[in-house]
Amino acid sequence: MNERSIPPPVLAAAGEGQREPHRLVDDWRFQMGAIMLIALIPRIVYLFEISSWPFFEHPVLDSRTQWKWATILVNTSGLGNTEVLAKAPLYPYFLASIQWFASGESWGLLAARLAGLTMGAVTCGMTYLLGRRVFGQATGVVAGVLLALYSPAVFREGQLLDTALATLLGVGFLLALLATLENSNAGRWFGTGLLLGLLGLARPNLLLLGPLAAALLVVRLLNERRTDQMGRMLGALALGVILPIMPIAGRNYLISGGLVPISGTGGINLYTGNNPGSDGYSPIPSGISWERTWYQALAATGRFGSRPSDAYWRSEALRFWREEPVQALALFVKKLYLYLNVYEIPNNVSYHWGRAHGSVLRVLPLTFALIGPLGLLGIALAGWRGARSRAAPVLTLFVATQMVAVATFFVCGRYRMPSVPVLCVFGGFALVGLVGMVGQRRWAAILWSVAGLAAFGLLVNSDAYGVRRARGANRDYYYLGQSYVMSRDSERAKEAFRQAAQQNPEDADAYWLLGQMEMATGDSEAAARAMERSLEIAPDFTASAAMLAELHLQQGWPLAEPERLLQRALAAQPRHVRGLAMLARLHVRQGRLEEARVDLEQAARVFANWNRADTRWAATAGELVRAAREAETAGVAVPAEVSAVLYR
């Protein structure tokens with residue numbers, strides 16, 4: 001590729017300073033609009049297609065949490081409940097604004113998904129601007145089309161998750177950063193910081209881009225010998241970042257009494273990806289894994305979800321790095337590899353389930369199998385040839401920083417989405433460059449480029465850690481069953497949980513949920529078998545042992561075996577409040593009233609540390625009230641500590 005064939009360096013704002021085009025198709029505004037239209041058409045078709053999915057009206061996991069948080073924000077005039085925010089708040093506030101305007105939950109869910117898919121189409125147009133600015137018009141067009149036809153993006157934009165918003169803000173931040181580096185002043189740096197602050201409210205780990213922006217600012221001013229302006233511009237950048245975060249930090253301070261800038265789950269997320277048992281990609285799911293984590297924090301700090309427990313998990317992650325540095329470093333390298341892997345690691349409903357059930361996702365031709373290698377080739381070519389653009393290294397640093405920001409915690413497919421538009425820009429640069437090489441018959445350069453593409457393809461499409469074999473369809477059936485439970489379709493829910501158990505016969509959660517559904521539909525013997533199986537797999541699964549005890553109480557079956565299983569589970573989880581309440585009920589039924597009183601006392605002492613805003617507070621309080629009333633009816637003098645907790 002000679003100097004003429006390489007597009008000009010960093011352009012001014014798109015279209016700015018150029019001659020008026022002679023043809024409409026050459027106008028950057030027409031090209032951007034066309035790309036957004038190309039992106040929007042399959043997204044609208046996809047929206048109609050997924051409207052029949054059970055997850056559409058009844059989202060699960062993080063999607064459900066985000067939607068519930070938005071509802072709380074609407075009902076409390078934007079203040080939320082009385083707990084530190086458990087999620088980055090920008091997307092819940094975005095959903096709350098949609099709920100406020102929409103009439104009815106169904107319309108709100110439709111509008112929220114339409115908004116996500118529309119933001120995805122706009123991001124494709126902005127990716128065109130990014131590619132045009134850095135490498136020229138041809139690269140911009142190719143980059144925008146690559147993202148428009150990128151199947152995983154469409155899938156993720158249709159979920160009630162922050163992916164579309166974070167990706168849009170990421171591209172916006174990059175465009176602002178490049179424009180500010182080209183023409184620096186305090187006002188522009190403030191605006192760039194403002195976009196980064198908003199991005200941090202959507203994805204807190206991406207605040208790691210702040211030091212990158214500051215370093216680029218310093219290098220720029222040093223090169224221009226404008227060091228006298230450095231303090232003012234760095235201050236403007238910092239103020240822009242801090243300003244959007246301040247209201248959330250202030251709210252959290254009033255609630256917790258401590259500094260929690262954005263959300264209170266940074267510690268548990270850090271620990272999830274940095275502990276001796278971490279695989280680098282699995283979040284802590286509901287069920288037995290979450291129960292163990294919950295009560296480990298409760299035992300160590302006395303509270304869960306509060307500032308002390310967040311600090312506890314952070315200290316545990318750092319202790320892992322101090323005591324096992326080799327293992328920790330090997331795990332970090334694994335996460336970097338997984339970040340670049342073709343497999344779309346799920347932590348909600350998987351892309352692979354969506355692709356199996358969505359024809360639009362199958363028709364769209366592009367996945368990370370191609371975008372990943374093309375993007376890496378573009379990065380290599382841009383570095384090798386110098387790209388004649390000072391902006392290309394900024395894009396490379398953005399990808400590297402985002403990669404490290406994700407690998408610091410744990411990896412999943414949707415977390416790398418903010419880098420995908422940049423990889424599409426580099427992929428467009430590589431494709432335009434290859435076409436230019438063919439036109440100039442530069443066979444040696446073509447050979448090296450094809451060899452590089454093949455090498456990157458092998459890296460991206462390999463499975464060195466067996467992740468694809470480890471992550472089957474089991475959890476998708478698990479989530480499908482939960483969605484059917486919310487839609488009150490018991491038979492389909494039961495079948496989904498049965499499928500989850502068949503897919504992974506060692507999944508205690510699947511049997512626990514299957515047991516609940518068998519119990520709800522009146523098949524008590526099948527329910528008992530399912531819960532007994534879950535306790536064979538996980539003897540410390542106190543929630544399952546408590547449900548088995550409840551079943552025996554309802555059916556008038558012998559209580560000795562469920563009591564033994566519950567006692568065994570409580571030996572591992574001695575602070576399990578609902579388990580203690582159920583044990584008290586068993587002891588009341590057996591006439592062991594003093595033991596029941598002790599059980600209630602112990603449960604009350606633990607429960608006194610729970611926050612009323614906790615999502616499990618009401619259900620747990622209900623179990624304690626029920627146990628206390630049964631004990632009182634049997635003649636047990638309920639301790640004052642119990643009454644103080646339950647009726648405060």
# chains A, B, ... in the order shown; residues from 1 in each chain; ligands from 1

$ residues_around --residues "Ser315 in chain A" --least-positions-apart "3" --cutoff "12 Å" --atoms "only C-alpha atoms" --output "CSV table (one decimal) with C-alpha atoms, in the first residue's frame"
chain,number,residue,atom,x,y,z
A,266,GLY,CA,-17.9,-3.8,42.4
A,267,GLY,CA,-16.3,-5.9,45.1
A,268,ILE,CA,-18.4,-9.1,44.4
A,270,LEU,CA,-14.1,-8.4,41.3
A,271,TYR,CA,-14.1,-11.5,43.5
A,274,ASN,CA,-10.4,-13.3,40.9
A,275,ASN,CA,-10.6,-16.2,43.3
A,297,ALA,CA,-20.4,-12.5,53.2
A,300,ALA,CA,-17.7,-12.3,57.6
A,308,PRO,CA,-18.7,-3.4,54.4
A,309,SER,CA,-19.4,-6.6,52.4
A,310,ASP,CA,-18.4,-4.9,49.2
A,311,ALA,CA,-15.1,-4.0,50.8
A,312,TYR,CA,-14.8,-7.6,52.1
A,318,LEU,CA,-6.8,-8.7,46.3
A,319,ARG,CA,-5.7,-11.4,48.8
A,320,PHE,CA,-6.0,-13.9,46.0
A,321,TRP,CA,-3.5,-11.8,43.9
A,322,ARG,CA,-1.2,-11.5,46.9
A,323,GLU,CA,-1.2,-15.1,48.0

$ residues_around --residues "range 180-188 of chain A" --least-positions-apart "3" --cutoff "7 Å" --atoms "only C-alpha atoms" --output "PyMOL selection string"
chain A and resi 176-177+191-192+232-233+236

$ residues_around --residues "range 169-171 of chain A" --least-positions-apart "4" --cutoff "9 Å" --atoms "only C-alpha atoms" --output "list in words"
Thr123, Met126, Thr127, Leu130, Ala164, Leu165, Leu175, Ala176, Leu195, Leu196, Leu198, Leu199, Ala202, Leu206, Pro418, Ser419, Pro421 and Val422 of chain A

$ write_last_selection --atoms "N, CA and C atoms" --output "short mmCIF file (atom, residue, chain, number, x, y, z; two decimals), in the first residue's frame"
data_model
loop_
_atom_site.label_atom_id
_atom_site.label_comp_id
_atom_site.auth_asym_id
_atom_site.auth_seq_id
_atom_site.Cartn_x
_atom_site.Cartn_y
_atom_site.Cartn_z
N THR A 123 -25.61 3.66 16.39
CA THR A 123 -24.21 3.33 16.62
C THR A 123 -23.53 2.91 15.32
N MET A 126 -22.66 6.07 13.61
CA MET A 126 -21.53 6.71 14.26
C MET A 126 -20.23 5.95 14.01
N THR A 127 -20.32 4.64 13.84
CA THR A 127 -19.13 3.86 13.49
C THR A 127 -18.64 4.24 12.10
N LEU A 130 -16.73 7.34 12.62
CA LEU A 130 -15.44 7.04 13.24
C LEU A 130 -14.44 6.52 12.20
N ALA A 164 -26.56 -1.74 24.44
CA ALA A 164 -26.72 -0.77 23.35
C ALA A 164 -26.35 0.63 23.81
N LEU A 165 -26.75 1.00 25.02
CA LEU A 165 -26.46 2.33 25.54
C LEU A 165 -24.96 2.51 25.76
N LEU A 175 -15.31 9.51 19.36
CA LEU A 175 -15.40 10.61 18.40
C LEU A 175 -15.06 11.94 19.06
N ALA A 176 -15.58 12.14 20.28
CA ALA A 176 -15.29 13.39 21.01
C ALA A 176 -13.82 13.48 21.36
N LEU A 195 -18.98 12.82 28.59
CA LEU A 195 -19.36 11.57 27.93
C LEU A 195 -18.76 10.37 28.66
N LEU A 196 -17.52 10.50 29.12
CA LEU A 196 -16.89 9.40 29.84
C LEU A 196 -17.59 9.17 31.18
N LEU A 198 -20.76 9.68 31.83
CA LEU A 198 -22.01 8.98 31.51
C LEU A 198 -21.73 7.52 31.18
N LEU A 199 -20.65 7.27 30.43
CA LEU A 199 -20.27 5.90 30.11
C LEU A 199 -19.98 5.12 31.39
N ALA A 202 -22.95 3.83 33.03
CA ALA A 202 -23.50 2.64 32.36
C ALA A 202 -22.62 1.43 32.60
N LEU A 206 -15.40 0.94 32.67
CA LEU A 206 -14.87 1.71 31.55
C LEU A 206 -14.37 3.08 31.97
N PRO A 418 -18.59 -2.74 23.49
CA PRO A 418 -18.08 -1.40 23.18
C PRO A 418 -16.84 -1.40 22.29
N SER A 419 -16.10 -2.52 22.24
CA SER A 419 -14.93 -2.60 21.36
C SER A 419 -15.29 -3.02 19.95
N PRO A 421 -17.47 -1.93 17.59
CA PRO A 421 -17.43 -0.92 16.53
C PRO A 421 -16.02 -0.54 16.13
N VAL A 422 -15.10 -0.46 17.08
CA VAL A 422 -13.72 -0.12 16.76
C VAL A 422 -13.08 -1.25 15.96
#

$ closest_residue --among "A:Glu563, A:Asp279, A:Glu506, A:Glu525" --to "Ile537 in chain A" --atoms "only C-alpha atoms"
A:Glu506

$ atom_distance --atom1 "CA of Leu340 in chain A" --atom2 "CA of Gly372 in chain A"
6.9 Å

$ closest_atom_pairs --of "range 378-489 of chain A" --to "range 135-157 of chain A" --cutoff "12 Å" --atoms "only C-alpha atoms" --output "CSV"
residue,atom,partner,partner_atom,distance
A:Gly378,CA,A:Thr139,CA,10.8
A:Ala382,CA,A:Phe135,CA,9.6
A:Gly386,CA,A:Phe135,CA,11.6
A:Ala387,CA,A:Phe135,CA,7.8
A:Arg388,CA,A:Phe135,CA,8.7
A:Ser389,CA,A:Phe135,CA,7.4
A:Arg390,CA,A:Phe135,CA,10.3
A:Ala391,CA,A:Phe135,CA,8.8
A:Ala392,CA,A:Phe135,CA,8.1
A:Pro393,CA,A:Phe135,CA,12.0
A:Leu395,CA,A:Phe135,CA,11.3
A:Cys412,CA,A:Arg156,CA,12.0
A:Gly413,CA,A:Pro152,CA,8.7
A:Arg414,CA,A:Arg156,CA,7.0
A:Tyr415,CA,A:Arg156,CA,10.4
A:Arg416,CA,A:Ala153,CA,10.6
A:Met417,CA,A:Ala153,CA,7.4
A:Pro418,CA,A:Ala153,CA,10.2
A:Ser419,CA,A:Leu147,CA,11.2
A:Val420,CA,A:Leu147,CA,7.8
A:Pro421,CA,A:Leu147,CA,6.4
A:Val422,CA,A:Ala143,CA,8.5
A:Leu423,CA,A:Ala143,CA,8.5
A:Cys424,CA,A:Ala143,CA,4.9
A:Val425,CA,A:Ala143,CA,4.7
A:Phe426,CA,A:Ala143,CA,7.7
A:Gly427,CA,A:Ala143,CA,6.9
A:Gly428,CA,A:Ala143,CA,4.8
A:Phe429,CA,A:Thr139,CA,5.2
A:Ala430,CA,A:Thr139,CA,8.5
A:Leu431,CA,A:Thr139,CA,8.1
A:Val432,CA,A:Thr139,CA,6.3
A:Gly433,CA,A:Thr139,CA,9.0
A:Leu434,CA,A:Thr139,CA,11.6
A:Val435,CA,A:Ala138,CA,11.0
A:Gly436,CA,A:Ala138,CA,11.2

$ write_last_selection --atoms "C-alpha atoms" --output "mmCIF file, in the first residue's frame"
data_model
loop_
_atom_site.group_PDB
_atom_site.id
_atom_site.type_symbol
_atom_site.label_atom_id
_atom_site.label_comp_id
_atom_site.auth_asym_id
_atom_site.auth_seq_id
_atom_site.Cartn_x
_atom_site.Cartn_y
_atom_site.Cartn_z
ATOM 1 C CA GLY A 378 -6.517 -4.062 10.782
ATOM 2 C CA ALA A 382 -2.331 0.134 10.926
ATOM 3 C CA GLY A 386 1.865 3.680 10.395
ATOM 4 C CA ALA A 387 -1.598 4.273 8.880
ATOM 5 C CA ARG A 388 -0.567 7.888 8.227
ATOM 6 C CA SER A 389 -3.049 8.744 11.011
ATOM 7 C CA ARG A 390 -2.380 9.839 14.544
ATOM 8 C CA ALA A 391 -5.843 8.593 15.471
ATOM 9 C CA ALA A 392 -5.220 4.892 14.727
ATOM 10 C CA PRO A 393 -3.138 4.316 17.892
ATOM 11 C CA LEU A 395 -8.373 3.345 18.648
ATOM 12 C CA CYS A 412 -18.817 -12.444 28.914
ATOM 13 C CA GLY A 413 -19.811 -11.728 25.331
ATOM 14 C CA ARG A 414 -21.820 -8.581 25.949
ATOM 15 C CA TYR A 415 -19.040 -6.902 27.932
ATOM 16 C CA ARG A 416 -16.812 -6.654 24.846
ATOM 17 C CA MET A 417 -19.487 -4.956 22.712
ATOM 18 C CA PRO A 418 -18.078 -1.404 23.182
ATOM 19 C CA SER A 419 -14.932 -2.602 21.364
ATOM 20 C CA VAL A 420 -16.792 -4.187 18.447
ATOM 21 C CA PRO A 421 -17.434 -0.916 16.535
ATOM 22 C CA VAL A 422 -13.716 -0.125 16.756
ATOM 23 C CA LEU A 423 -12.841 -3.629 15.550
ATOM 24 C CA CYS A 424 -15.269 -3.041 12.658
ATOM 25 C CA VAL A 425 -13.357 0.156 11.810
ATOM 26 C CA PHE A 426 -10.073 -1.741 11.793
ATOM 27 C CA GLY A 427 -11.744 -4.567 9.869
ATOM 28 C CA GLY A 428 -12.936 -2.056 7.280
ATOM 29 C CA PHE A 429 -9.410 -0.651 7.062
ATOM 30 C CA ALA A 430 -8.034 -4.161 6.482
ATOM 31 C CA LEU A 431 -10.578 -4.964 3.750
ATOM 32 C CA VAL A 432 -10.043 -1.659 1.932
ATOM 33 C CA GLY A 433 -6.304 -2.189 2.217
ATOM 34 C CA LEU A 434 -6.525 -5.715 0.794
ATOM 35 C CA VAL A 435 -8.585 -4.467 -2.151
ATOM 36 C CA GLY A 436 -5.955 -1.792 -2.756
#

$ residues_around --residues "Ala634 in chain A" --least-positions-apart "4" --cutoff "10 Å" --atoms "only C-alpha atoms" --output "list in words"
Val588, Arg589, Gly591, Leu593, Ala628, Arg629 and Glu630 of chain A

$ residues_around --residues "Val122 in chain A" --least-positions-apart "2" --cutoff "10 Å" --atoms "only C-alpha atoms" --output "VMD selection string"
chain A and resid 32 to 33 35 to 37 39 to 40 116 to 120 124 to 128 144 148 164 168

$ atom_distance --atom1 "CA of Leu174 in chain A" --atom2 "CA of Arg29 in chain A"
19.3 Å

$ residues_around --residues "Ile242 in chain A" --least-positions-apart "4" --cutoff "12 Å" --atoms "only C-alpha atoms" --output "compact mmCIF listing (two decimals) with C-alpha atoms, in the first residue's frame"
# COMPACT_ATOMS: atom_id res chain seq x y z
CA PHE A 190 -14.97 19.02 29.60
CA GLY A 191 -17.43 17.63 27.04
CA THR A 192 -15.25 14.56 26.49
CA GLY A 193 -15.10 13.99 30.24
CA LEU A 194 -18.86 14.38 30.47
CA LEU A 195 -19.36 11.57 27.93
CA LEU A 196 -16.89 9.40 29.84
CA GLY A 197 -18.73 10.07 33.11
CA LEU A 198 -22.01 8.98 31.51
CA LEU A 199 -20.27 5.90 30.11
CA GLY A 200 -19.05 5.13 33.64
CA LEU A 201 -22.64 5.33 34.91
CA LEU A 207 -13.85 4.63 33.73
CA GLY A 210 -10.10 8.19 32.04
CA GLY A 235 -9.16 19.86 35.46
CA ALA A 236 -11.83 20.31 32.79
CA LEU A 237 -11.59 16.61 31.84
CA ALA A 238 -11.80 15.52 35.48
CA MET A 246 -21.77 13.23 41.81
CA PRO A 247 -25.58 12.93 42.24
CA ILE A 248 -25.37 9.13 42.47
CA ALA A 249 -22.41 9.27 44.86
CA GLY A 250 -24.28 11.79 47.01
CA PRO A 261 -19.45 6.46 43.75
CA ILE A 262 -21.73 4.39 41.52

$ residues_around --residues "Met519 in chain A" --least-positions-apart "2" --cutoff "12 Å" --atoms "only C-alpha atoms" --output "PyMOL selection string"
chain A and resi 490-491+494+511-517+521-531+547-548+550-552+554-555

$ select_by_dssp --residues "range 98-240 of chain A" --states "alpha helix (DSSP H)" --output "number ranges by chain"
A: 98-101, 105-135, 137-148, 151-157, 163-182, 186-202, 209-223, 230-240

$ write_last_selection --atoms "C-alpha atoms" --output "compact mmCIF listing (two decimals), in the first residue's frame"
# COMPACT_ATOMS: atom_id res chain seq x y z
CA ILE A 98 -39.50 4.94 29.04
CA GLN A 99 -41.84 3.54 31.69
CA TRP A 100 -42.91 7.04 32.63
CA PHE A 101 -43.93 7.84 29.05
CA GLU A 105 -46.00 -2.61 31.05
CA SER A 106 -46.38 -4.37 27.69
CA TRP A 107 -46.00 -1.11 25.78
CA GLY A 108 -43.08 -0.18 28.01
CA LEU A 109 -41.27 -3.44 27.31
CA LEU A 110 -41.83 -3.00 23.58
CA ALA A 111 -40.64 0.61 23.66
CA ALA A 112 -37.54 -0.28 25.69
CA ARG A 113 -36.49 -2.96 23.22
CA LEU A 114 -37.24 -0.70 20.26
CA ALA A 115 -35.08 1.99 21.88
CA GLY A 116 -32.19 -0.45 22.29
CA LEU A 117 -32.37 -1.60 18.68
CA THR A 118 -32.65 1.99 17.44
CA MET A 119 -29.58 2.96 19.46
CA GLY A 120 -27.81 0.05 17.78
CA ALA A 121 -28.67 1.44 14.34
CA VAL A 122 -27.44 4.91 15.37
CA THR A 123 -24.21 3.33 16.62
CA CYS A 124 -23.69 1.85 13.15
CA GLY A 125 -23.96 5.36 11.68
CA MET A 126 -21.53 6.71 14.26
CA THR A 127 -19.13 3.86 13.49
CA TYR A 128 -19.19 5.04 9.88
CA LEU A 129 -18.21 8.52 11.12
CA LEU A 130 -15.44 7.04 13.24
CA GLY A 131 -14.00 5.02 10.35
CA ARG A 132 -14.32 7.98 7.98
CA ARG A 133 -12.58 10.29 10.41
CA VAL A 134 -9.63 7.98 11.01
CA PHE A 135 -9.12 6.13 7.70
CA GLN A 137 -14.72 7.40 3.47
CA ALA A 138 -14.33 3.88 2.09
CA THR A 139 -13.28 2.46 5.45
CA GLY A 140 -16.13 4.31 7.17
CA VAL A 141 -18.73 2.81 4.84
CA VAL A 142 -17.36 -0.73 5.21
CA ALA A 143 -17.10 -0.37 9.01
CA GLY A 144 -20.69 0.83 9.32
CA VAL A 145 -22.01 -2.01 7.15
CA LEU A 146 -19.97 -4.61 9.09
CA LEU A 147 -21.56 -3.51 12.36
CA ALA A 148 -25.01 -3.25 10.76
CA SER A 151 -25.61 -10.71 14.41
CA PRO A 152 -24.59 -10.69 18.13
CA ALA A 153 -25.10 -6.91 18.28
CA VAL A 154 -28.72 -7.29 17.14
CA PHE A 155 -29.35 -9.99 19.73
CA ARG A 156 -27.91 -7.92 22.58
CA GLU A 157 -29.63 -4.68 21.57
CA THR A 163 -25.25 -3.04 26.02
CA ALA A 164 -26.72 -0.77 23.35
CA LEU A 165 -26.46 2.33 25.54
CA ALA A 166 -22.86 1.61 26.62
CA THR A 167 -21.76 0.87 23.05
CA LEU A 168 -23.35 4.08 21.75
CA LEU A 169 -21.68 6.13 24.49
CA GLY A 170 -18.36 4.38 23.83
CA VAL A 171 -18.33 5.38 20.16
CA GLY A 172 -19.51 8.88 21.08
CA PHE A 173 -16.68 9.20 23.59
CA LEU A 174 -14.13 8.11 20.97
CA LEU A 175 -15.40 10.61 18.40
CA ALA A 176 -15.29 13.39 21.01
CA LEU A 177 -11.81 12.35 22.13
CA LEU A 178 -10.43 12.40 18.58
CA ALA A 179 -12.00 15.77 17.83
CA THR A 180 -10.63 17.19 21.09
CA LEU A 181 -7.13 15.86 20.44
CA GLU A 182 -7.24 17.53 17.03
CA ALA A 186 -10.89 23.29 28.06
CA GLY A 187 -14.49 23.25 26.84
CA ARG A 188 -13.91 20.29 24.53
CA TRP A 189 -12.07 18.35 27.24
CA PHE A 190 -14.97 19.02 29.60
CA GLY A 191 -17.43 17.63 27.04
CA THR A 192 -15.25 14.56 26.49
CA GLY A 193 -15.10 13.99 30.24
CA LEU A 194 -18.86 14.38 30.47
CA LEU A 195 -19.36 11.57 27.93
CA LEU A 196 -16.89 9.40 29.84
CA GLY A 197 -18.73 10.07 33.11
CA LEU A 198 -22.01 8.98 31.51
CA LEU A 199 -20.27 5.90 30.11
CA GLY A 200 -19.05 5.13 33.64
CA LEU A 201 -22.64 5.33 34.91
CA ALA A 202 -23.50 2.64 32.36
CA LEU A 209 -10.53 5.05 29.93
CA GLY A 210 -10.10 8.19 32.04
CA PRO A 211 -6.36 7.69 32.63
CA LEU A 212 -5.99 6.91 28.92
CA ALA A 213 -7.66 10.20 27.95
CA ALA A 214 -5.55 12.10 30.48
CA ALA A 215 -2.32 10.52 29.17
CA LEU A 216 -3.24 11.42 25.58
CA LEU A 217 -3.97 14.97 26.68
CA VAL A 218 -0.58 15.29 28.39
CA VAL A 219 1.30 13.88 25.38
CA ARG A 220 -0.57 16.22 23.06
CA LEU A 221 0.22 19.33 25.10
CA LEU A 222 3.85 18.31 25.54
CA ASN A 223 4.24 17.89 21.78
CA MET A 230 -2.16 21.36 31.12
CA GLY A 231 -3.63 21.92 34.59
CA ARG A 232 -6.69 23.73 33.25
CA MET A 233 -7.46 21.10 30.63
CA LEU A 234 -6.87 18.15 32.96
CA GLY A 235 -9.16 19.86 35.46
CA ALA A 236 -11.83 20.31 32.79
CA LEU A 237 -11.59 16.61 31.84
CA ALA A 238 -11.80 15.52 35.48
CA LEU A 239 -14.74 17.84 36.18
CA GLY A 240 -16.61 16.46 33.18

$ atom_distance --atom1 "CA of Leu480 in chain A" --atom2 "CA of Ala493 in chain A"
7.3 Å

$ closest_residue --among "A:Gly258, A:Leu376, A:Gln159, A:His58" --to "Leu95 in chain A" --atoms "only C-alpha atoms"
A:Gln159
